[in-house]
Amino acid sequence: MSRRDRYRVELRAGAPAGWPAYLRERSGLPGPRANLELAQAVADEGDADTFDGLLATDDEYLVFCGVLGLGRLLADGPPARTRTRIEARLHEHATDPRWRVREAVALALQRLGDADLPRLLDLGTTWVGDPHPLVRRAAVAAVCEPRLLAAREAAARAVALCERATAGLAALPADQRRDEGVRVLRQALGYCWSVAVAADPAGGLPAFRALAAVDDSDVAWIVRENGRKKRLAGLLVSDAARPAGAAPPGSD
């Protein structure tokens, strides 16, 4: 039995009213790593009322669990009005000042992607055009997950999201680049491109290569950081060595 499954059994054995104390005791916080297996078990076993109770607290880990729960509710395929309300709540949490809560939003959206990938891709396309950089960050971080990009069409959408988010960042005036949200978006783009391109080298490599022509220090940083990622570094070497006119890696 996995840790997550063991937690699910223990959660079922206790009343939801007792979950907060149980979660705090096993959260792993304060510490370098929150207990993700337990949080996922909470999302598996809880219901809307349970998640609302966790989100109403001021405890970072309990909110983290509640946000993941919202992703489970989305993945369950609720009616349109309920779905819209849940998406709005996740949108709000995407700009939370606590980085773990923001990360929970990306994980919650990935739950949606596991159940309904087209819905996640459409939502990501909407969010990547949002004026808030942290919402854009949530979009690319959620979609650029290897397990979600097995289909070339999905990988191509991920590349397009990275392109839009990068272009939006490059369009910002210099005085806005120091904003914390912009910095977090840039960090996400520092690895998301490599995930998207590795999933669809034929379509992604030309888009990534085009970034080198952009005269922008943040874009140059994004190119440099992604180029250091093992999943992309080999593709770049292979692409540079291919004869002129030959198909790029992954095009067959």
# chains A, B, ... in the order shown; residues from 1 in each chain; ligands from 1
>>> residues_around(residues="segment 29-31 of chain A", least_positions_apart="3", cutoff="12 Å", atoms="only C-alpha atoms", output="PyMOL selection string")
chain A and resi 23-26+34-36+59-62+64+100
>>> atom_distance(atom1="atom CA of Phe208 of chain A", atom2="atom CA of Leu123 of chain A")
23.0 Å
>>> residues_around(residues="Gly129 of chain A", least_positions_apart="2", cutoff="12 Å", atoms="only C-alpha atoms", output="list of chain:residue names")
A:Asp122, A:Leu123, A:Gly124, A:Thr125, A:Thr126, A:Trp127, A:Pro131, A:His132, A:Pro133, A:Leu134, A:Val135, A:Arg136, A:Arg137, A:Ala138, A:Ala139, A:Val140, A:Ala160, A:Leu161, A:Cys162, A:Glu163, A:Arg164, A:Ala165, A:Thr166, A:Ala167, A:Gly168, A:Leu169
>>> write_last_selection(atoms="N, CA, C and O atoms", output="short mmCIF file (atom, residue, chain, number, x, y, z; two decimals), in the first residue's frame")
data_model
loop_
_atom_site.label_atom_id
_atom_site.label_comp_id
_atom_site.auth_asym_id
_atom_site.auth_seq_id
_atom_site.Cartn_x
_atom_site.Cartn_y
_atom_site.Cartn_z
N ASP A 122 -7.85 24.62 -22.73
CA ASP A 122 -8.65 25.82 -22.99
C ASP A 122 -8.54 26.82 -21.84
O ASP A 122 -8.43 28.03 -22.06
N LEU A 123 -8.58 26.31 -20.61
CA LEU A 123 -8.45 27.19 -19.46
C LEU A 123 -7.07 27.84 -19.43
O LEU A 123 -6.94 29.03 -19.15
N GLY A 124 -6.03 27.05 -19.73
CA GLY A 124 -4.68 27.61 -19.78
C GLY A 124 -4.56 28.70 -20.83
O GLY A 124 -3.89 29.72 -20.60
N THR A 125 -5.21 28.51 -21.96
CA THR A 125 -5.18 29.51 -23.02
C THR A 125 -5.82 30.81 -22.56
O THR A 125 -5.36 31.91 -22.89
N THR A 126 -6.89 30.70 -21.78
CA THR A 126 -7.54 31.89 -21.23
C THR A 126 -6.66 32.55 -20.18
O THR A 126 -6.44 33.77 -20.21
N TRP A 127 -6.14 31.78 -19.28
CA TRP A 127 -5.36 32.33 -18.18
C TRP A 127 -4.04 32.95 -18.64
O TRP A 127 -3.56 33.89 -18.04
N PRO A 131 -3.97 39.61 -17.17
CA PRO A 131 -3.00 40.67 -16.88
C PRO A 131 -2.09 40.36 -15.70
O PRO A 131 -1.00 40.95 -15.60
N HIS A 132 -2.49 39.46 -14.81
CA HIS A 132 -1.67 39.19 -13.63
C HIS A 132 -0.61 38.13 -13.96
O HIS A 132 -0.94 37.03 -14.41
N PRO A 133 0.65 38.42 -13.74
CA PRO A 133 1.70 37.46 -14.09
C PRO A 133 1.60 36.14 -13.34
O PRO A 133 2.00 35.10 -13.87
N LEU A 134 1.06 36.15 -12.13
CA LEU A 134 0.96 34.90 -11.38
C LEU A 134 -0.13 33.98 -11.93
O LEU A 134 -0.03 32.76 -11.82
N VAL A 135 -1.14 34.55 -12.54
CA VAL A 135 -2.15 33.74 -13.21
C VAL A 135 -1.54 33.11 -14.46
O VAL A 135 -1.75 31.93 -14.76
N ARG A 136 -0.76 33.89 -15.18
CA ARG A 136 -0.06 33.35 -16.36
C ARG A 136 0.90 32.25 -15.94
O ARG A 136 1.05 31.23 -16.62
N ARG A 137 1.56 32.45 -14.81
CA ARG A 137 2.46 31.43 -14.30
C ARG A 137 1.72 30.14 -14.00
O ARG A 137 2.19 29.04 -14.33
N ALA A 138 0.56 30.24 -13.38
CA ALA A 138 -0.23 29.05 -13.08
C ALA A 138 -0.60 28.30 -14.36
O ALA A 138 -0.59 27.06 -14.39
N ALA A 139 -0.92 29.04 -15.41
CA ALA A 139 -1.30 28.41 -16.67
C ALA A 139 -0.17 27.58 -17.25
O ALA A 139 -0.35 26.41 -17.60
N VAL A 140 1.01 28.17 -17.38
CA VAL A 140 2.11 27.43 -18.00
C VAL A 140 2.62 26.32 -17.09
O VAL A 140 2.97 25.23 -17.56
N ALA A 160 2.67 26.84 -27.48
CA ALA A 160 1.98 28.10 -27.76
C ALA A 160 1.76 28.91 -26.48
O ALA A 160 1.89 30.14 -26.48
N LEU A 161 1.43 28.24 -25.38
CA LEU A 161 1.27 28.95 -24.11
C LEU A 161 2.58 29.58 -23.67
O LEU A 161 2.61 30.73 -23.20
N CYS A 162 3.67 28.84 -23.81
CA CYS A 162 4.97 29.38 -23.44
C CYS A 162 5.33 30.59 -24.31
O CYS A 162 5.87 31.59 -23.82
N GLU A 163 5.01 30.50 -25.60
CA GLU A 163 5.26 31.64 -26.50
C GLU A 163 4.49 32.87 -26.04
O GLU A 163 5.06 33.98 -25.97
N ARG A 164 3.22 32.71 -25.75
CA ARG A 164 2.40 33.86 -25.34
C ARG A 164 2.88 34.45 -24.02
O ARG A 164 2.95 35.67 -23.86
N ALA A 165 3.18 33.58 -23.06
CA ALA A 165 3.63 34.07 -21.76
C ALA A 165 4.96 34.78 -21.88
O ALA A 165 5.19 35.82 -21.23
N THR A 166 5.86 34.27 -22.71
CA THR A 166 7.17 34.90 -22.90
C THR A 166 7.02 36.23 -23.62
O THR A 166 7.67 37.22 -23.25
N ALA A 167 6.19 36.27 -24.63
CA ALA A 167 5.98 37.53 -25.34
C ALA A 167 5.37 38.57 -24.42
O ALA A 167 5.74 39.76 -24.47
N GLY A 168 4.45 38.15 -23.56
CA GLY A 168 3.85 39.09 -22.62
C GLY A 168 4.86 39.64 -21.64
O GLY A 168 4.84 40.82 -21.30
N LEU A 169 5.76 38.78 -21.19
CA LEU A 169 6.80 39.23 -20.27
C LEU A 169 7.72 40.22 -20.98
O LEU A 169 8.09 41.27 -20.42
#
>>> residues_around(residues="Gly203 of chain A", least_positions_apart="2", cutoff="10 Å", atoms="only C-alpha atoms", output="JSON, numbers by chain")
{"A": [152, 153, 155, 156, 159, 160, 196, 197, 198, 199, 200, 201, 205, 206, 207, 208, 248, 249, 250, 251]}
>>> atom_distance(atom1="atom CA of Ala210 of chain A", atom2="atom CA of Glu145 of chain A")
22.4 Å
>>> select_by_dssp(residues="segment 21-199 of chain A", states="alpha helix (DSSP H)", output="count of residues only")
132
>>> atom_distance(atom1="atom CA of Ala151 of chain A", atom2="atom CA of Ala115 of chain A")
14.6 Å
>>> residues_around(residues="Ile222 of chain A", least_positions_apart="2", cutoff="12 Å", atoms="only C-alpha atoms", output="VMD selection string")
chain A and resid 162 to 163 165 to 167 169 to 170 183 185 to 194 208 to 209 211 to 212 214 216 to 220 224 to 229
>>> closest_residue(among="A:Met1, A:Val105, A:Ala94, A:Leu172", to="Val67 of chain A", atoms="only C-alpha atoms")
A:Val105
>>> residues_around(residues="Leu121 of chain A", least_positions_apart="3", cutoff="8 Å", atoms="only C-alpha atoms", output="mmCIF file with N, CA, C and O atoms, in the first residue's frame")
data_model
loop_
_atom_site.group_PDB
_atom_site.id
_atom_site.type_symbol
_atom_site.label_atom_id
_atom_site.label_comp_id
_atom_site.auth_asym_id
_atom_site.auth_seq_id
_atom_site.Cartn_x
_atom_site.Cartn_y
_atom_site.Cartn_z
ATOM 1 N N GLY A 113 -6.481 18.236 -15.803
ATOM 2 C CA GLY A 113 -5.890 17.754 -17.044
ATOM 3 C C GLY A 113 -5.886 16.248 -17.162
ATOM 4 O O GLY A 113 -6.075 15.695 -18.252
ATOM 5 N N LEU A 117 -8.293 16.795 -20.423
ATOM 6 C CA LEU A 117 -7.171 17.591 -20.920
ATOM 7 C C LEU A 117 -7.614 18.746 -21.810
ATOM 8 O O LEU A 117 -7.090 19.862 -21.680
ATOM 9 N N PRO A 118 -8.567 18.572 -22.724
ATOM 10 C CA PRO A 118 -8.996 19.727 -23.536
ATOM 11 C C PRO A 118 -9.491 20.889 -22.680
ATOM 12 O O PRO A 118 -9.233 22.058 -23.007
ATOM 13 N N GLY A 124 -6.030 27.051 -19.732
ATOM 14 C CA GLY A 124 -4.684 27.613 -19.781
ATOM 15 C C GLY A 124 -4.559 28.702 -20.827
ATOM 16 O O GLY A 124 -3.892 29.718 -20.603
ATOM 17 N N THR A 125 -5.207 28.506 -21.964
ATOM 18 C CA THR A 125 -5.175 29.515 -23.023
ATOM 19 C C THR A 125 -5.824 30.814 -22.557
ATOM 20 O O THR A 125 -5.357 31.908 -22.889
ATOM 21 N N VAL A 143 0.098 23.303 -17.360
ATOM 22 C CA VAL A 143 0.067 22.597 -18.635
ATOM 23 C C VAL A 143 1.398 21.919 -18.945
ATOM 24 O O VAL A 143 1.422 20.815 -19.502
ATOM 25 N N ALA A 154 -1.427 18.287 -27.739
ATOM 26 C CA ALA A 154 -1.322 18.903 -26.415
ATOM 27 C C ALA A 154 0.028 19.586 -26.246
ATOM 28 O O ALA A 154 0.115 20.694 -25.702
ATOM 29 N N ARG A 157 0.065 22.869 -27.971
ATOM 30 C CA ARG A 157 -0.642 23.890 -27.194
ATOM 31 C C ARG A 157 0.252 24.413 -26.069
ATOM 32 O O ARG A 157 0.237 25.609 -25.744
ATOM 33 N N ALA A 158 1.031 23.519 -25.458
ATOM 34 C CA ALA A 158 1.928 23.936 -24.394
ATOM 35 C C ALA A 158 3.000 24.885 -24.926
ATOM 36 O O ALA A 158 3.336 25.895 -24.286
#
>>> residues_around(residues="Leu68 of chain A", least_positions_apart="2", cutoff="7 Å", atoms="only C-alpha atoms", output="ChimeraX atom specification")
/A:40,43,64-66,70-72,104-105,107-108
